[in-house]
Amino acid sequence: RVNSCVGFNEPDKLQVGLYPNPNSGQLIIETGSDSYKEIEITDLNGKILLQTYTNELTKSLDINYLLPGLYFCRIRQNNYQNTIRFIKN
């Protein structure tokens with residue numbers, strides 16, 4: 001007998017909103033928490049292109065200098081983190 005599984009908890013994943021995606025220059029990150037957090041933008045090779053720290057609920061990042069392509073945005077807060085892919089046009 002097999003019981004169906006509808007999902008599982010991911011307690012170490014930080015709830016984050018990132019938009020617009022795809023993006024052409026101004027990236028908005030919403031975390032819903034005013035706790036201190038680290039934000040990193042990396043390329044596909046893991047090279048850190050931007051690193052910043054904030055305690056804002058919503059953070060706006062200028063990414064006009066990035067070449068068009070696929071990037072990762074990693075947000076760390078306390079023991080939680082989340083990594084989101086985004087496309088720069």
# chains A, B, ... in the order shown; residues from 1 in each chain; ligands from 1
>>> residues_around(residues="Thr31 of chain A", least_positions_apart="6", cutoff="9 Å", atoms="only C-alpha atoms", output="list of chain:residue names")
A:Leu14, A:Gln15, A:Val16, A:Gly17, A:Leu18, A:Glu56, A:Leu57, A:Thr58, A:Lys59, A:Ile75
>>> select_by_dssp(residues="chain A", states="strand (DSSP E or B)", output="number ranges by chain")
A: 13, 17-19, 23, 26-30, 37-42, 48-54, 58-62, 69-77, 80-88
>>> atom_distance(atom1="atom CA of Gln77 of chain A", atom2="atom CA of Lys47 of chain A")
20.3 Å
>>> closest_residue(among="A:Tyr80, A:Tyr65, A:Tyr71, A:Phe86", to="Glu38 of chain A", atoms="only C-alpha atoms")
A:Tyr80
>>> closest_residue(among="A:Leu61, A:Leu50, A:Ile39, A:Leu44", to="Gln81 of chain A", atoms="only C-alpha atoms")
A:Ile39
>>> decode(residues="segment 32-71 of chain A", atoms="N, CA and C atoms", output="PDB file, in the first residue's frame")
ATOM      1  N   GLY A  32       9.346  40.277   3.686  1.00  0.00           N
ATOM      2  CA  GLY A  32       8.313  40.265   4.705  1.00  0.00           C
ATOM      3  C   GLY A  32       8.858  40.308   6.115  1.00  0.00           C
ATOM      4  N   SER A  33      10.145  40.591   6.258  1.00  0.00           N
ATOM      5  CA  SER A  33      10.765  40.651   7.583  1.00  0.00           C
ATOM      6  C   SER A  33      11.759  41.797   7.621  1.00  0.00           C
ATOM      7  N   ASP A  34      11.773  42.515   8.741  1.00  0.00           N
ATOM      8  CA  ASP A  34      12.724  43.618   8.871  1.00  0.00           C
ATOM      9  C   ASP A  34      13.999  43.193   9.601  1.00  0.00           C
ATOM     10  N   SER A  35      14.221  41.886   9.695  1.00  0.00           N
ATOM     11  CA  SER A  35      15.463  41.369  10.287  1.00  0.00           C
ATOM     12  C   SER A  35      16.623  41.588   9.324  1.00  0.00           C
ATOM     13  N   TYR A  36      17.821  41.666   9.859  1.00  0.00           N
ATOM     14  CA  TYR A  36      19.040  41.864   9.087  1.00  0.00           C
ATOM     15  C   TYR A  36      19.248  40.678   8.149  1.00  0.00           C
ATOM     16  N   LYS A  37      19.538  40.955   6.866  1.00  0.00           N
ATOM     17  CA  LYS A  37      19.721  39.884   5.896  1.00  0.00           C
ATOM     18  C   LYS A  37      20.811  40.233   4.899  1.00  0.00           C
ATOM     19  N   GLU A  38      21.411  39.197   4.315  1.00  0.00           N
ATOM     20  CA  GLU A  38      22.439  39.346   3.297  1.00  0.00           C
ATOM     21  C   GLU A  38      21.830  38.978   1.952  1.00  0.00           C
ATOM     22  N   ILE A  39      22.151  39.772   0.919  1.00  0.00           N
ATOM     23  CA  ILE A  39      21.669  39.519  -0.431  1.00  0.00           C
ATOM     24  C   ILE A  39      22.880  39.418  -1.351  1.00  0.00           C
ATOM     25  N   GLU A  40      22.931  38.349  -2.140  1.00  0.00           N
ATOM     26  CA  GLU A  40      24.009  38.155  -3.110  1.00  0.00           C
ATOM     27  C   GLU A  40      23.417  37.890  -4.483  1.00  0.00           C
ATOM     28  N   ILE A  41      24.027  38.490  -5.499  1.00  0.00           N
ATOM     29  CA  ILE A  41      23.727  38.176  -6.894  1.00  0.00           C
ATOM     30  C   ILE A  41      24.947  37.441  -7.434  1.00  0.00           C
ATOM     31  N   THR A  42      24.730  36.255  -8.014  1.00  0.00           N
ATOM     32  CA  THR A  42      25.834  35.472  -8.575  1.00  0.00           C
ATOM     33  C   THR A  42      25.528  35.091 -10.013  1.00  0.00           C
ATOM     34  N   ASP A  43      26.607  34.811 -10.754  1.00  0.00           N
ATOM     35  CA  ASP A  43      26.424  34.305 -12.111  1.00  0.00           C
ATOM     36  C   ASP A  43      26.306  32.784 -12.058  1.00  0.00           C
ATOM     37  N   LEU A  44      26.228  32.143 -13.214  1.00  0.00           N
ATOM     38  CA  LEU A  44      26.058  30.689 -13.264  1.00  0.00           C
ATOM     39  C   LEU A  44      27.262  29.928 -12.722  1.00  0.00           C
ATOM     40  N   ASN A  45      28.431  30.575 -12.686  1.00  0.00           N
ATOM     41  CA  ASN A  45      29.637  29.943 -12.147  1.00  0.00           C
ATOM     42  C   ASN A  45      29.780  30.133 -10.646  1.00  0.00           C
ATOM     43  N   GLY A  46      28.853  30.862 -10.030  1.00  0.00           N
ATOM     44  CA  GLY A  46      28.914  31.102  -8.594  1.00  0.00           C
ATOM     45  C   GLY A  46      29.709  32.332  -8.204  1.00  0.00           C
ATOM     46  N   LYS A  47      30.180  33.085  -9.175  1.00  0.00           N
ATOM     47  CA  LYS A  47      30.934  34.309  -8.889  1.00  0.00           C
ATOM     48  C   LYS A  47      29.983  35.367  -8.332  1.00  0.00           C
ATOM     49  N   ILE A  48      30.348  35.940  -7.185  1.00  0.00           N
ATOM     50  CA  ILE A  48      29.520  36.960  -6.552  1.00  0.00           C
ATOM     51  C   ILE A  48      29.713  38.282  -7.296  1.00  0.00           C
ATOM     52  N   LEU A  49      28.626  38.801  -7.850  1.00  0.00           N
ATOM     53  CA  LEU A  49      28.657  40.043  -8.614  1.00  0.00           C
ATOM     54  C   LEU A  49      28.172  41.229  -7.799  1.00  0.00           C
ATOM     55  N   LEU A  50      27.354  40.962  -6.798  1.00  0.00           N
ATOM     56  CA  LEU A  50      26.839  41.996  -5.907  1.00  0.00           C
ATOM     57  C   LEU A  50      26.593  41.364  -4.553  1.00  0.00           C
ATOM     58  N   GLN A  51      26.970  42.080  -3.498  1.00  0.00           N
ATOM     59  CA  GLN A  51      26.698  41.626  -2.135  1.00  0.00           C
ATOM     60  C   GLN A  51      26.292  42.845  -1.327  1.00  0.00           C
ATOM     61  N   THR A  52      25.152  42.752  -0.654  1.00  0.00           N
ATOM     62  CA  THR A  52      24.664  43.859   0.142  1.00  0.00           C
ATOM     63  C   THR A  52      23.951  43.319   1.373  1.00  0.00           C
ATOM     64  N   TYR A  53      23.769  44.185   2.350  1.00  0.00           N
ATOM     65  CA  TYR A  53      23.099  43.830   3.599  1.00  0.00           C
ATOM     66  C   TYR A  53      21.996  44.846   3.851  1.00  0.00           C
ATOM     67  N   THR A  54      20.878  44.383   4.407  1.00  0.00           N
ATOM     68  CA  THR A  54      19.757  45.281   4.658  1.00  0.00           C
ATOM     69  C   THR A  54      18.869  44.723   5.764  1.00  0.00           C
ATOM     70  N   ASN A  55      18.074  45.609   6.356  1.00  0.00           N
ATOM     71  CA  ASN A  55      17.022  45.164   7.276  1.00  0.00           C
ATOM     72  C   ASN A  55      15.661  45.674   6.793  1.00  0.00           C
ATOM     73  N   GLU A  56      15.603  46.080   5.526  1.00  0.00           N
ATOM     74  CA  GLU A  56      14.360  46.572   4.935  1.00  0.00           C
ATOM     75  C   GLU A  56      13.442  45.404   4.544  1.00  0.00           C
ATOM     76  N   LEU A  57      12.139  45.643   4.575  1.00  0.00           N
ATOM     77  CA  LEU A  57      11.175  44.647   4.111  1.00  0.00           C
ATOM     78  C   LEU A  57      11.269  44.468   2.602  1.00  0.00           C
ATOM     79  N   THR A  58      11.479  45.574   1.897  1.00  0.00           N
ATOM     80  CA  THR A  58      11.591  45.576   0.443  1.00  0.00           C
ATOM     81  C   THR A  58      12.878  46.280   0.055  1.00  0.00           C
ATOM     82  N   LYS A  59      13.678  45.627  -0.768  1.00  0.00           N
ATOM     83  CA  LYS A  59      14.968  46.169  -1.200  1.00  0.00           C
ATOM     84  C   LYS A  59      14.977  46.257  -2.721  1.00  0.00           C
ATOM     85  N   SER A  60      15.375  47.405  -3.234  1.00  0.00           N
ATOM     86  CA  SER A  60      15.495  47.614  -4.673  1.00  0.00           C
ATOM     87  C   SER A  60      16.973  47.617  -5.043  1.00  0.00           C
ATOM     88  N   LEU A  61      17.336  46.820  -6.058  1.00  0.00           N
ATOM     89  CA  LEU A  61      18.728  46.724  -6.493  1.00  0.00           C
ATOM     90  C   LEU A  61      18.835  47.140  -7.956  1.00  0.00           C
ATOM     91  N   ASP A  62      19.819  47.993  -8.244  1.00  0.00           N
ATOM     92  CA  ASP A  62      20.103  48.401  -9.615  1.00  0.00           C
ATOM     93  C   ASP A  62      20.996  47.338 -10.240  1.00  0.00           C
ATOM     94  N   ILE A  63      20.482  46.650 -11.273  1.00  0.00           N
ATOM     95  CA  ILE A  63      21.279  45.613 -11.947  1.00  0.00           C
ATOM     96  C   ILE A  63      21.514  45.969 -13.414  1.00  0.00           C
ATOM     97  N   ASN A  64      21.461  47.264 -13.726  1.00  0.00           N
ATOM     98  CA  ASN A  64      21.684  47.718 -15.104  1.00  0.00           C
ATOM     99  C   ASN A  64      23.048  47.305 -15.633  1.00  0.00           C
ATOM    100  N   TYR A  65      24.036  47.178 -14.762  1.00  0.00           N
ATOM    101  CA  TYR A  65      25.407  46.859 -15.181  1.00  0.00           C
ATOM    102  C   TYR A  65      25.575  45.391 -15.592  1.00  0.00           C
ATOM    103  N   LEU A  66      24.612  44.528 -15.245  1.00  0.00           N
ATOM    104  CA  LEU A  66      24.719  43.110 -15.603  1.00  0.00           C
ATOM    105  C   LEU A  66      24.445  42.910 -17.083  1.00  0.00           C
ATOM    106  N   LEU A  67      25.190  42.013 -17.701  1.00  0.00           N
ATOM    107  CA  LEU A  67      24.934  41.633 -19.084  1.00  0.00           C
ATOM    108  C   LEU A  67      23.673  40.772 -19.146  1.00  0.00           C
ATOM    109  N   PRO A  68      22.986  40.752 -20.282  1.00  0.00           N
ATOM    110  CA  PRO A  68      21.822  39.871 -20.400  1.00  0.00           C
ATOM    111  C   PRO A  68      22.205  38.414 -20.127  1.00  0.00           C
ATOM    112  N   GLY A  69      21.363  37.718 -19.366  1.00  0.00           N
ATOM    113  CA  GLY A  69      21.627  36.313 -19.061  1.00  0.00           C
ATOM    114  C   GLY A  69      20.896  35.850 -17.826  1.00  0.00           C
ATOM    115  N   LEU A  70      21.262  34.668 -17.349  1.00  0.00           N
ATOM    116  CA  LEU A  70      20.653  34.031 -16.194  1.00  0.00           C
ATOM    117  C   LEU A  70      21.539  34.250 -14.976  1.00  0.00           C
ATOM    118  N   TYR A  71      20.913  34.629 -13.849  1.00  0.00           N
ATOM    119  CA  TYR A  71      21.633  34.905 -12.603  1.00  0.00           C
ATOM    120  C   TYR A  71      20.880  34.282 -11.434  1.00  0.00           C
TER     121      TYR A  71
END
